[in-house]
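Asker: Below is the file my_file24.txt, which contains compact mmCIF, C-alpha atoms.
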```txt
# COMPACT_ATOMS: atom_id res chain seq x y z
CA MET A 1 5.64 7.40 16.27
CA LYS A 2 9.17 8.37 17.31
CA ARG A 3 8.77 6.38 20.52
CA LEU A 4 7.53 3.35 18.59
CA ALA A 5 10.57 3.55 16.30
CA ILE A 6 12.88 3.65 19.33
CA VAL A 7 11.16 0.60 20.89
CA VAL A 8 11.42 -1.32 17.62
CA VAL A 9 15.10 -0.51 17.19
CA PHE A 10 15.69 -1.47 20.80
CA LEU A 11 13.89 -4.78 20.32
CA LEU A 12 15.78 -5.61 17.18
CA PHE A 13 19.22 -4.77 18.44
CA SER A 14 18.81 -5.80 22.03
CA THR A 15 21.92 -7.49 23.38
CA ARG A 16 19.81 -10.63 23.89
CA CYS A 17 19.71 -10.92 20.12
CA LEU A 18 23.45 -11.54 20.19
CA GLY A 19 23.31 -14.38 22.71
CA GLN A 20 24.68 -17.68 21.49
CA SER A 21 21.98 -19.82 23.12
CA GLN A 22 19.05 -18.30 21.29
CA VAL A 23 16.67 -20.42 19.27
CA PHE A 24 16.88 -19.78 15.54
CA TYR A 25 15.09 -21.42 12.68
CA THR A 26 14.47 -20.53 9.10
CA GLY A 27 12.44 -21.78 6.19
CA PHE A 28 10.00 -21.22 3.37
CA PHE A 29 6.63 -19.60 3.95
CA PRO A 30 4.19 -19.62 1.02
CA GLU A 31 0.85 -17.87 1.44
CA ALA A 32 -2.18 -17.17 -0.72
CA SER A 33 -4.89 -14.60 -0.13
CA PHE A 34 -8.21 -14.32 -1.97
CA THR A 35 -10.39 -11.25 -1.49
CA LYS A 36 -13.92 -10.97 -2.84
CA LYS A 37 -15.31 -7.45 -3.09
CA LEU A 38 -19.06 -7.49 -2.50
CA LYS A 39 -21.66 -5.22 -4.14
CA ASN A 40 -21.82 -3.05 -1.03
CA GLU A 41 -17.99 -2.79 -1.25
CA ASP A 42 -17.43 -4.82 1.93
CA ARG A 43 -14.87 -7.58 1.44
CA ILE A 44 -14.52 -11.25 2.28
CA ASN A 45 -10.96 -12.50 2.57
CA PHE A 46 -9.66 -16.05 2.74
CA LYS A 47 -5.99 -16.66 3.44
CA ILE A 48 -3.81 -19.71 3.78
CA GLU A 49 -0.23 -19.73 5.09
CA ASN A 50 2.19 -22.64 5.25
CA GLN A 51 5.46 -22.59 7.23
CA ASN A 52 8.19 -25.11 6.44
CA ILE A 53 11.47 -25.24 8.36
CA PHE A 54 14.74 -25.93 6.54
CA PHE A 55 17.17 -25.14 9.37
CA ASP A 56 16.57 -25.37 13.12
CA ASN A 57 19.34 -24.99 15.71
CA ARG A 58 17.21 -26.88 18.30
CA ASN A 59 17.83 -30.12 16.40
CA PRO A 60 20.72 -32.33 17.56
CA GLU A 61 24.16 -31.35 16.18
CA GLY A 62 24.57 -32.39 12.57
CA THR A 63 20.84 -32.47 11.86
CA ASN A 64 20.19 -28.73 11.95
CA ALA A 65 19.45 -28.63 8.25
CA LYS A 66 16.36 -30.77 7.85
CA TYR A 67 13.00 -30.17 6.16
CA THR A 68 9.97 -30.25 8.45
CA HIS A 69 6.45 -28.97 7.99
CA TYR A 70 5.93 -26.60 10.90
CA ARG A 71 2.38 -25.29 10.64
CA THR A 72 -0.43 -24.38 8.27
CA ASP A 73 -2.82 -21.55 9.09
CA ILE A 74 -6.16 -20.84 7.45
CA MET A 75 -8.17 -17.73 8.14
CA ALA A 76 -11.21 -15.86 6.89
CA PHE A 77 -12.29 -12.24 7.40
CA TYR A 78 -15.39 -10.17 6.79
CA ASP A 79 -14.26 -6.59 6.25
CA TRP A 80 -16.75 -3.73 6.58
CA ARG A 81 -15.90 -0.66 4.50
CA LEU A 82 -16.10 2.53 6.54
CA ASN A 83 -14.96 4.77 3.66
CA ALA A 84 -12.49 4.63 0.77
CA THR A 85 -9.47 4.17 3.04
CA LYS A 86 -10.75 2.76 6.34
CA SER A 87 -12.33 -0.56 7.29
CA VAL A 88 -13.03 -2.83 10.25
CA ALA A 89 -12.89 -6.61 10.03
CA LEU A 90 -13.77 -9.68 12.03
CA GLY A 91 -11.87 -12.90 11.38
CA VAL A 92 -11.61 -16.53 12.36
CA PHE A 93 -8.41 -18.56 12.23
CA HIS A 94 -7.39 -22.18 12.58
CA ARG A 95 -3.85 -23.53 12.94
CA PHE A 96 -2.78 -27.05 11.98
CA GLN A 97 0.35 -27.84 13.97
CA ASP A 98 1.40 -31.20 15.37
CA GLY A 99 0.24 -31.29 18.97
CA SER A 100 -0.70 -27.64 19.02
CA ASN A 101 -3.78 -27.02 16.87
CA ARG A 102 -5.49 -23.80 17.84
CA ASN A 103 -8.38 -21.46 17.02
CA ARG A 104 -8.41 -17.69 17.06
CA ILE A 105 -10.86 -14.87 16.61
CA ILE A 106 -9.52 -11.59 15.28
CA GLN A 107 -10.79 -7.99 15.31
CA GLN A 108 -9.15 -5.48 12.99
CA PHE A 109 -9.20 -1.79 12.12
CA ALA A 110 -7.17 -0.70 9.10
CA LEU A 111 -6.57 2.61 7.43
CA VAL A 112 -4.48 3.60 4.44
CA GLN A 113 -2.95 7.04 3.92
CA ARG A 114 -2.27 8.02 0.31
CA GLN A 115 0.77 10.21 -0.18
CA ARG A 116 2.07 11.52 -3.50
CA ASN A 117 3.85 8.25 -4.44
CA LEU A 118 3.61 6.24 -1.24
CA ARG A 119 0.88 4.38 0.62
CA ILE A 120 1.07 4.02 4.36
CA SER A 121 -1.11 1.44 6.03
CA HIS A 122 -1.88 1.20 9.73
CA ARG A 123 -3.38 -2.09 10.90
CA PHE A 124 -4.57 -2.54 14.46
CA ARG A 125 -5.59 -6.02 15.58
CA THR A 126 -6.73 -7.68 18.75
CA ASP A 127 -7.10 -11.44 18.87
CA GLN A 128 -7.95 -14.23 21.26
CA THR A 129 -6.35 -17.66 20.81
CA PHE A 130 -7.85 -20.86 22.16
CA THR A 131 -5.61 -23.92 22.55
CA LYS A 132 -6.58 -27.18 24.21
CA ASP A 133 -5.39 -27.40 27.84
CA GLU A 134 -4.03 -23.84 27.74
CA LYS A 135 -5.36 -20.53 28.99
CA VAL A 136 -6.68 -18.08 26.42
CA GLU A 137 -3.98 -15.90 24.87
CA LEU A 138 -4.89 -12.24 24.28
CA ARG A 139 -2.87 -10.18 21.83
CA PHE A 140 -2.69 -6.63 20.51
CA ARG A 141 -0.82 -5.97 17.27
CA TYR A 142 -0.02 -2.84 15.29
CA ARG A 143 1.44 -3.10 11.80
CA LEU A 144 2.85 -0.12 9.95
CA ALA A 145 3.47 -0.76 6.26
CA LEU A 146 4.95 1.51 3.59
CA GLU A 147 4.28 0.67 -0.05
CA LEU A 148 6.43 2.33 -2.67
CA PRO A 149 6.25 1.98 -6.49
CA LEU A 150 9.49 1.07 -8.27
CA ASN A 151 8.41 2.26 -11.74
CA GLY A 152 6.89 5.71 -11.78
CA ALA A 153 4.72 7.55 -9.30
CA SER A 154 2.03 4.87 -8.87
CA ILE A 155 1.82 1.10 -9.13
CA ASP A 156 0.33 -0.03 -12.44
CA PRO A 157 -0.20 -3.58 -13.75
CA GLY A 158 3.12 -5.13 -14.74
CA GLU A 159 5.09 -2.94 -12.33
CA ASN A 160 7.15 -3.77 -9.26
CA TYR A 161 6.88 -2.27 -5.80
CA LEU A 162 8.44 -2.44 -2.35
CA VAL A 163 6.67 -2.91 0.96
CA LEU A 164 8.47 -2.37 4.25
CA SER A 165 6.49 -3.28 7.34
CA ASN A 166 6.99 -3.70 11.04
CA GLU A 167 4.58 -5.17 13.54
CA PRO A 168 5.07 -5.35 17.30
CA ILE A 169 2.75 -7.88 18.97
CA PHE A 170 1.94 -7.69 22.68
CA SER A 171 0.48 -10.81 24.26
CA LEU A 172 -0.90 -11.86 27.61
CA GLN A 173 -1.46 -15.50 28.59
CA ALA A 174 -1.85 -16.92 32.09
CA GLN A 175 -0.73 -13.56 33.49
CA GLU A 176 2.50 -13.70 31.50
CA PHE A 177 3.28 -10.78 29.21
CA GLU A 178 5.31 -11.21 26.04
CA ILE A 179 6.42 -9.17 23.04
CA GLU A 180 7.06 -10.31 19.49
CA ASN A 181 8.28 -8.23 16.57
CA ARG A 182 7.92 -8.90 12.84
CA LEU A 183 9.99 -6.92 10.37
CA ILE A 184 9.23 -7.67 6.73
CA PHE A 185 10.89 -6.49 3.54
CA THR A 186 8.90 -7.28 0.40
CA VAL A 187 9.38 -6.95 -3.34
CA GLY A 188 6.12 -7.38 -5.20
CA LYS A 189 4.69 -7.22 -8.67
CA LEU A 190 1.18 -6.16 -9.59
CA TYR A 191 -0.42 -8.18 -12.36
CA LYS A 192 -3.57 -7.64 -14.36
CA ASN A 193 -6.93 -8.19 -12.60
CA ASN A 194 -5.66 -7.19 -9.15
CA GLN A 195 -3.25 -10.08 -8.75
CA LYS A 196 0.00 -9.64 -6.87
CA LEU A 197 3.00 -11.84 -6.31
CA GLU A 198 5.29 -10.89 -3.43
CA TRP A 199 8.69 -12.19 -2.29
CA SER A 200 9.51 -11.27 1.30
CA LEU A 201 12.12 -11.66 3.98
CA ASP A 202 10.24 -11.93 7.27
CA TYR A 203 12.38 -11.54 10.40
CA ARG A 204 10.60 -12.44 13.64
CA THR A 205 11.86 -12.10 17.17
CA ASP A 206 10.04 -13.06 20.37
CA GLY A 207 10.63 -14.20 23.93
CA PHE A 208 11.85 -10.77 25.04
CA ILE A 209 10.17 -10.91 28.46
CA GLN A 210 9.82 -14.60 29.29
CA GLU A 211 12.53 -17.26 28.88
CA GLY A 212 13.30 -18.57 25.41
CA PHE A 213 14.36 -15.75 23.11
CA ARG A 214 13.80 -16.82 19.50
CA THR A 215 14.59 -15.45 16.07
CA ARG A 216 12.98 -16.78 12.95
CA LEU A 217 13.73 -15.85 9.37
CA TRP A 218 11.23 -16.77 6.68
CA LEU A 219 11.47 -16.54 2.94
CA ARG A 220 7.89 -15.77 2.00
CA LEU A 221 6.16 -16.12 -1.35
CA GLY A 222 2.73 -14.54 -1.34
CA TYR A 223 -0.02 -14.58 -3.94
CA PHE A 224 -2.85 -12.05 -3.57
CA TYR A 225 -5.94 -12.07 -5.75
CA SER A 226 -8.76 -9.59 -5.38
CA PHE A 227 -11.90 -10.00 -7.48
CA MET B 1 -1.95 -33.66 8.25
CA LYS B 2 0.64 -34.53 5.59
CA ILE B 3 -2.12 -35.11 3.03
CA ILE B 4 -3.65 -31.71 3.81
CA THR B 5 -0.22 -30.05 3.49
CA ASN B 6 0.48 -31.73 0.15
CA ARG B 7 -2.94 -30.71 -1.18
CA LEU B 8 -2.31 -27.10 -0.08
CA TRP B 9 1.01 -27.16 -1.91
CA GLN B 10 -0.64 -28.43 -5.08
CA VAL B 11 -3.23 -25.63 -4.92
CA PHE B 12 -0.49 -23.06 -4.32
CA LEU B 13 1.59 -24.27 -7.29
CA LEU B 14 -1.49 -24.17 -9.53
CA VAL B 15 -2.16 -20.60 -8.44
CA CYS B 16 1.46 -19.63 -9.24
CA CYS B 17 1.12 -21.17 -12.73
CA PHE B 18 -2.09 -19.18 -13.20
CA VAL B 19 -0.29 -15.93 -12.31
CA ILE B 20 2.60 -16.64 -14.68
CA SER B 21 0.21 -17.45 -17.55
CA THR B 22 -1.77 -14.29 -16.83
CA GLU B 23 1.43 -12.25 -17.00
CA ILE B 24 2.06 -13.47 -20.54
CA GLN B 25 -1.46 -12.39 -21.56
CA ALA B 26 -1.11 -9.02 -19.79
CA GLN B 27 1.59 -7.61 -22.05
CA ASP B 28 -0.68 -5.07 -23.83
CA LYS B 29 -1.43 -2.85 -20.87
CA ILE B 30 -4.31 -0.45 -21.20
CA GLU B 31 -3.37 2.34 -18.79
CA LYS B 32 -0.16 2.98 -16.93
CA GLU B 33 2.53 5.53 -16.31
CA GLU B 34 6.23 4.92 -16.09
CA SER B 35 9.27 6.85 -15.04
CA ILE B 36 11.50 7.84 -17.97
CA ARG B 37 14.81 9.68 -18.54
CA GLU B 38 14.81 13.24 -19.76
CA ARG B 39 16.47 12.23 -23.04
CA GLU B 40 13.38 10.12 -23.87
CA VAL B 41 11.15 13.21 -23.74
CA PRO B 42 10.53 15.26 -26.94
CA HIS B 43 13.02 18.13 -27.11
CA ILE B 44 10.20 20.66 -27.52
CA ALA B 45 8.85 19.70 -24.07
CA THR B 46 12.17 19.94 -22.21
CA GLU B 47 12.89 23.24 -23.95
CA TRP B 48 9.49 24.59 -22.84
CA ILE B 49 10.06 23.55 -19.22
CA TYR B 50 13.49 25.21 -18.96
CA ASP B 51 12.22 28.39 -20.68
CA ALA B 52 9.10 28.73 -18.51
CA PHE B 53 10.76 27.79 -15.22
CA GLU B 54 14.27 29.16 -15.50
CA LYS B 55 15.59 28.14 -12.09
CA ILE B 56 14.02 24.71 -12.15
CA ARG B 57 15.90 21.77 -10.65
CA LYS B 58 15.88 18.57 -12.67
CA PRO B 59 12.22 17.50 -13.01
CA LYS B 60 11.06 13.89 -12.85
CA TRP B 61 9.62 12.74 -16.17
CA TYR B 62 6.82 10.25 -16.71
CA LYS B 63 5.24 8.72 -19.79
CA GLU B 64 1.53 8.06 -19.43
CA PHE B 65 -0.27 5.53 -21.57
CA SER B 66 -4.00 5.55 -22.12
CA GLU B 67 -6.43 3.83 -24.48
CA VAL B 68 -6.00 6.66 -27.01
CA GLY B 69 -2.22 7.03 -26.93
CA TYR B 70 0.42 8.46 -24.67
CA SER B 71 1.50 11.74 -23.13
CA PHE B 72 4.36 13.08 -21.02
CA GLU B 73 4.35 14.65 -17.59
CA ALA B 74 7.02 16.54 -15.65
CA LYS B 75 6.80 16.73 -11.85
CA PHE B 76 8.98 19.01 -9.77
CA ARG B 77 9.15 21.44 -6.86
CA TYR B 78 9.44 25.09 -7.82
CA LYS B 79 9.31 28.02 -5.39
CA ASN B 80 8.26 25.60 -2.61
CA SER B 81 5.21 24.34 -4.51
CA PHE B 82 4.73 21.00 -6.21
CA HIS B 83 4.20 21.43 -9.98
CA SER B 84 3.13 19.01 -12.66
CA VAL B 85 3.19 19.87 -16.36
CA GLU B 86 1.35 17.79 -18.93
CA PHE B 87 2.54 17.49 -22.55
CA ASP B 88 0.95 15.66 -25.49
CA SER B 89 2.78 12.90 -27.38
CA LEU B 90 4.52 15.49 -29.61
CA GLY B 91 5.76 17.46 -26.61
CA LEU B 92 3.28 20.35 -26.80
CA VAL B 93 2.33 21.64 -23.37
CA GLN B 94 -1.30 21.01 -22.35
CA ASP B 95 -1.59 22.38 -18.84
CA VAL B 96 0.33 23.23 -15.67
CA GLU B 97 -0.96 22.22 -12.23
CA ILE B 98 0.40 23.67 -8.99
CA GLU B 99 -0.48 22.42 -5.51
CA ILE B 100 -1.81 25.21 -3.31
CA GLU B 101 -3.53 25.63 0.04
CA LEU B 102 -7.25 26.43 0.13
CA LYS B 103 -6.56 29.34 2.47
CA SER B 104 -4.25 30.91 -0.13
CA LEU B 105 -7.27 31.62 -2.37
CA SER B 106 -9.32 34.81 -2.11
CA THR B 107 -12.16 34.66 0.44
CA GLU B 108 -14.73 34.82 -2.41
CA ILE B 109 -13.33 31.74 -4.16
CA GLN B 110 -12.89 29.85 -0.87
CA SER B 111 -16.45 30.67 0.11
CA GLN B 112 -17.80 29.53 -3.28
CA ILE B 113 -15.98 26.17 -3.03
CA LEU B 114 -16.90 25.61 0.63
CA THR B 115 -20.55 26.45 -0.06
CA TYR B 116 -20.66 23.72 -2.70
CA LEU B 117 -19.07 21.21 -0.31
CA ASN B 118 -21.30 22.14 2.64
CA GLU B 119 -24.45 21.92 0.52
CA ASN B 120 -23.59 18.59 -1.07
CA TYR B 121 -21.66 16.61 1.54
CA ARG B 122 -22.45 15.58 5.10
CA ASP B 123 -18.76 15.70 5.90
CA PHE B 124 -15.61 16.35 3.90
CA LYS B 125 -11.88 16.79 4.20
CA VAL B 126 -9.75 18.49 1.55
CA ASN B 127 -6.78 16.24 0.69
CA LYS B 128 -5.21 18.22 -2.15
CA LEU B 129 -5.95 21.39 -4.12
CA GLN B 130 -4.33 22.31 -7.41
CA ILE B 131 -4.63 25.40 -9.56
CA GLN B 132 -4.65 24.42 -13.21
CA TYR B 133 -3.45 26.73 -15.97
CA SER B 134 -4.21 25.74 -19.55
CA GLY B 135 -3.83 27.45 -22.89
CA ALA B 136 -1.62 27.62 -25.95
CA SER B 137 2.04 26.75 -25.49
CA ASP B 138 3.29 30.33 -26.06
CA ASP B 139 0.61 31.83 -23.81
CA LEU B 140 1.52 29.42 -20.99
CA GLU B 141 5.22 30.20 -21.37
CA ASP B 142 4.52 33.97 -21.29
CA PHE B 143 2.36 33.47 -18.23
CA PHE B 144 5.08 31.71 -16.28
CA ASP B 145 8.04 33.85 -17.25
CA GLU B 146 6.32 37.24 -17.76
CA ASP B 147 3.06 36.88 -15.82
CA ALA B 148 1.05 37.69 -19.00
CA LYS B 149 -2.47 36.32 -18.48
CA ASP B 150 -3.79 36.51 -22.09
CA GLY B 151 -5.24 33.22 -23.37
CA ILE B 152 -4.91 31.46 -20.01
CA LEU B 153 -7.78 29.42 -18.61
CA ILE B 154 -7.72 28.89 -14.86
CA ASN B 155 -9.50 26.05 -13.05
CA PHE B 156 -9.15 24.44 -9.63
CA GLU B 157 -8.91 20.69 -9.11
CA MET B 158 -9.59 19.49 -5.61
CA GLU B 159 -9.26 15.98 -4.20
CA PHE B 160 -11.37 15.50 -1.10
CA SER B 161 -12.71 12.70 1.07
CA GLY B 162 -16.39 13.08 1.78
CA THR B 163 -19.78 11.53 2.39
CA ASP B 164 -22.43 12.84 0.02
CA LEU B 165 -26.08 13.38 0.96
CA SER B 166 -26.97 9.81 -0.10
CA GLY B 167 -24.41 8.48 2.41
CA ASP B 168 -21.85 7.47 -0.23
CA SER B 169 -18.42 7.89 1.34
CA ARG B 170 -15.58 8.22 -1.18
CA ILE B 171 -12.58 10.15 -2.37
CA TRP B 172 -13.68 12.61 -5.04
CA GLU B 173 -11.96 14.93 -7.49
CA GLY B 174 -13.96 18.10 -8.03
CA THR B 175 -13.27 20.73 -10.71
CA PHE B 176 -14.12 24.40 -10.09
CA ASP B 177 -13.78 27.41 -12.39
CA GLN B 178 -11.62 30.46 -11.66
CA ASN B 179 -14.38 31.92 -9.47
CA GLY B 180 -14.77 28.71 -7.48
CA CYS B 181 -18.02 27.64 -9.18
CA PHE B 182 -18.45 23.87 -9.37
CA LEU B 183 -17.95 22.37 -12.84
CA GLY B 184 -17.88 18.61 -12.29
CA LYS B 185 -16.58 15.73 -10.23
CA ARG B 186 -15.37 12.16 -10.51
CA ILE B 187 -14.71 9.34 -8.08
CA VAL B 188 -11.04 8.67 -7.32
CA ILE B 189 -10.45 4.93 -7.47
CA VAL B 190 -8.30 3.70 -4.61
CA ARG B 191 -6.16 0.75 -5.69
CA GLU B 192 -6.94 -2.52 -3.93
CA MET B 193 -5.07 -2.76 -0.63
CA ASP B 194 -5.55 -6.46 0.23
CA ASN B 195 -1.79 -7.02 0.53
CA ILE B 196 -1.31 -4.31 3.14
CA ILE B 197 -4.38 -4.87 5.30
CA PHE B 198 -4.78 -8.70 5.38
```
Written as structure tokens, how would this file's structure read?
Answerer:
Amino acid sequence: MKRLAIVVVFLLFSTRCLGQSQVFYTGFFPEASFTKKLKNEDRINFKIENQNIFFDNRNPEGTNAKYTHYRTDIMAFYDWRLNATKSVALGVFHRFQDGSNRNRIIQQFALVQRQRNLRISHRFRTDQTFTKDEKVELRFRYRLALELPLNGASIDPGENYLVLSNEPIFSLQAQEFEIENRLIFTVGKLYKNNQKLEWSLDYRTDGFIQEGFRTRLWLRLGYFYSF
Amino acid sequence: MKIITNRLWQVFLLVCCFVISTEIQAQDKIEKEESIREREVPHIATEWIYDAFEKIRKPKWYKEFSEVGYSFEAKFRYKNSFHSVEFDSLGLVQDVEIEIELKSLSTEIQSQILTYLNENYRDFKVNKLQIQYSGASDDLEDFFDEDAKDGILINFEMEFSGTDLSGDSRIWEGTFDQNGCFLGKRIVIVREMDNIIF
């Protein structure tokens, strides 16, 4: 864990981050997630994400600030319950993006550790992405998330909470290796009937190994409903 | 593509409206606990805590609401163990729970508890064990500051993950008497974790 923390800090504060020629764009990222709990306590999840760019330094000078729809992702998972805190899932994913639509299959193992007033989630994913006229991209991702109540020792309906997560993503495509990192700071509120609304700052960096270092900053608004 | 995006936006905005309207209806919460300041706790409860645990550092106070009313709880570390003390709405102490290790119990009690687990679960892992002291307010105070055991009822509460003989894999809370004999159990509900796993 210590090593992982060192790698993450290194990735985030790498001198390449400070370069003037790096690509940077930012925007609004709404998402909605619906999870149906089945009688056998397995789950089916459907999620939709929509990324919209408000500022992009790749645009010609003077037109950096411009609204563009970037991409919309839809995905569905079947999640098998292993016990109260562990599950494995299989998912399918489709991306709508001008000139770059793609499909993905996802395998996931997740476990949640319950501490006195903290939940720690570990999510391991592998996925394979298929894009027309491109070689298959293989990825491995690990997300560590800490969830902390802001009112009391546990999160009850009507109360706020924080989630801090980090996810390094390792990818291999056409024999080229790449690393991406996603650091997310979230303030959420739990509502009645297992509904949550979350505001997040999502800071993504990639292009560490190959050419084209990028940073992206998203303001996310997420709605989660479990029924 | 633009039509799809616009439709998605409309659905998202509708969902947000639904959440906001639900929030308005959700004002009368059924069960919750909230962090409170010490001055919001009945004086009789704070007085009891500082009498029973003389060298206590400032405890964290919580107000717990249930369908039948509310109660108060103090949580704190004392002599390297995590303590929680439950008070009723008037501030009268109900019980004191202290986190302990299974191996700190006598071999007879350990053996009694482990026999129950081995006979009733295919596999198990102890997550947390608490010794619970209950009794009248004065008896509890005498127990903690003078070690007087009169009028004190001792139980053990154990949270454990396990798969029972029917194959049901859950987190359970089992209650055992002072000799380690099983009294009862309940399922611990794990709050939905869709936001941290999907």
Asker: Which residues, written as an mmCIF file with C-alpha atoms, keeping the file's coordinate frame, have at least one atom at most 9 Å from region 36-39 of chain B, with all atoms listed in the file counted and residues fewer than 6 positions away on the same chain left out?
Answerer:
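What ended up in selection_30.cif:
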```cif
data_model
loop_
_atom_site.group_PDB
_atom_site.id
_atom_site.type_symbol
_atom_site.label_atom_id
_atom_site.label_comp_id
_atom_site.auth_asym_id
_atom_site.auth_seq_id
_atom_site.Cartn_x
_atom_site.Cartn_y
_atom_site.Cartn_z
ATOM 1 C CA ASN A 151 8.410 2.260 -11.740
ATOM 2 C CA GLY A 152 6.890 5.710 -11.780
ATOM 3 C CA THR B 46 12.170 19.940 -22.210
ATOM 4 C CA LYS B 58 15.880 18.570 -12.670
ATOM 5 C CA PRO B 59 12.220 17.500 -13.010
ATOM 6 C CA LYS B 60 11.060 13.890 -12.850
ATOM 7 C CA TRP B 61 9.620 12.740 -16.170
ATOM 8 C CA TYR B 62 6.820 10.250 -16.710
ATOM 9 C CA LYS B 63 5.240 8.720 -19.790
#
```
Asker: Return the neighbours of chain B among the residues of chain A, cut-off 7 Å, counting all atoms listed in the file, as a short mmCIF file (atom, residue, chain, number, x, y, z; two decimals) with C-alpha atoms, keeping the file's coordinate frame.
Answerer:
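Full text of result06.cif as output:
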```cif
data_model
loop_
_atom_site.label_atom_id
_atom_site.label_comp_id
_atom_site.auth_asym_id
_atom_site.auth_seq_id
_atom_site.Cartn_x
_atom_site.Cartn_y
_atom_site.Cartn_z
CA ASN A 83 -14.96 4.77 3.66
CA ALA A 84 -12.49 4.63 0.77
CA ALA A 110 -7.17 -0.70 9.10
CA SER A 121 -1.11 1.44 6.03
CA ARG A 123 -3.38 -2.09 10.90
CA ALA A 145 3.47 -0.76 6.26
CA ASN A 151 8.41 2.26 -11.74
CA GLY A 152 6.89 5.71 -11.78
CA ASP A 156 0.33 -0.03 -12.44
CA TYR A 191 -0.42 -8.18 -12.36
CA LYS A 192 -3.57 -7.64 -14.36
CA PHE A 224 -2.85 -12.05 -3.57
#
```
Asker: When you draw a straight line from CA of Phe156 (chain B) to CA of Ser111 (chain B), how long is it in Å?
Answerer: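 About the pair CA of Phe156 (chain B) and CA of Ser111 (chain B): they are 13.7 Å apart.
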Asker: What lies within 9 Å of region 215-219 of chain A using all atoms listed in the file, ignoring chain neighbours under 4 positions off, as number ranges by chain?
Answerer: A: 17, 22-30, 51-53, 199-207
Asker: For the residues in the current selection, export C-alpha atoms as a tab-separated table (two decimals), in the frame of the given file.
Answerer:
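That gives us selection-v5.tsv:
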```tsv
chain	number	residue	atom	x	y	z
A	17	CYS	CA	19.71	-10.92	20.12
A	22	GLN	CA	19.05	-18.30	21.29
A	23	VAL	CA	16.67	-20.42	19.27
A	24	PHE	CA	16.88	-19.78	15.54
A	25	TYR	CA	15.09	-21.42	12.68
A	26	THR	CA	14.47	-20.53	9.10
A	27	GLY	CA	12.44	-21.78	6.19
A	28	PHE	CA	10.00	-21.22	3.37
A	29	PHE	CA	6.63	-19.60	3.95
A	30	PRO	CA	4.19	-19.62	1.02
A	51	GLN	CA	5.46	-22.59	7.23
A	52	ASN	CA	8.19	-25.11	6.44
A	53	ILE	CA	11.47	-25.24	8.36
A	199	TRP	CA	8.69	-12.19	-2.29
A	200	SER	CA	9.51	-11.27	1.30
A	201	LEU	CA	12.12	-11.66	3.98
A	202	ASP	CA	10.24	-11.93	7.27
A	203	TYR	CA	12.38	-11.54	10.40
A	204	ARG	CA	10.60	-12.44	13.64
A	205	THR	CA	11.86	-12.10	17.17
A	206	ASP	CA	10.04	-13.06	20.37
A	207	GLY	CA	10.63	-14.20	23.93
```
Asker: Which is closest to Ile105 (chain A) among A:Phe124, A:Tyr225, A:Phe177, A:Phe77, if we use only C-alpha atoms?
Answerer: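 Closest residue, counting only C-alpha atoms: A:Phe77.
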Asker: Using all atoms listed in the file, which residues sit within 10 Å of region 173-181 of chain B once same-chain residues fewer than 2 positions away are excluded, as an MDAnalysis selection string?
Answerer: chainID B and resid 105:106 108:117 126:133 153:161 170:171 183:188
Asker: Quick one: distance from CA of Val163 (chain A) to CA of Leu148 (chain A) in Å, one decimal?
Answerer: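 That distance, rounded to one decimal, is 6.4 Å.
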Asker: At what distance in Å, to one decimal, does CA of Lys86 (chain A) lie from CA of Glu99 (chain B)?
Answerer: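 Taking CA of Glu99 (chain B) and CA of Lys86 (chain A), their separation equals 25.1 Å.
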Asker: Excluding Leu146 (chain A) and residues on its chain fewer than 5 positions from it, collect all residues at most 8 Å away from it, counting only C-alpha atoms, and give them as a list in words.
Answerer: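 Listed by chain and then number, they are Leu118, Arg119, Ile120, Ser121, Leu162, Val163, Leu164 and Ser165 of chain A.
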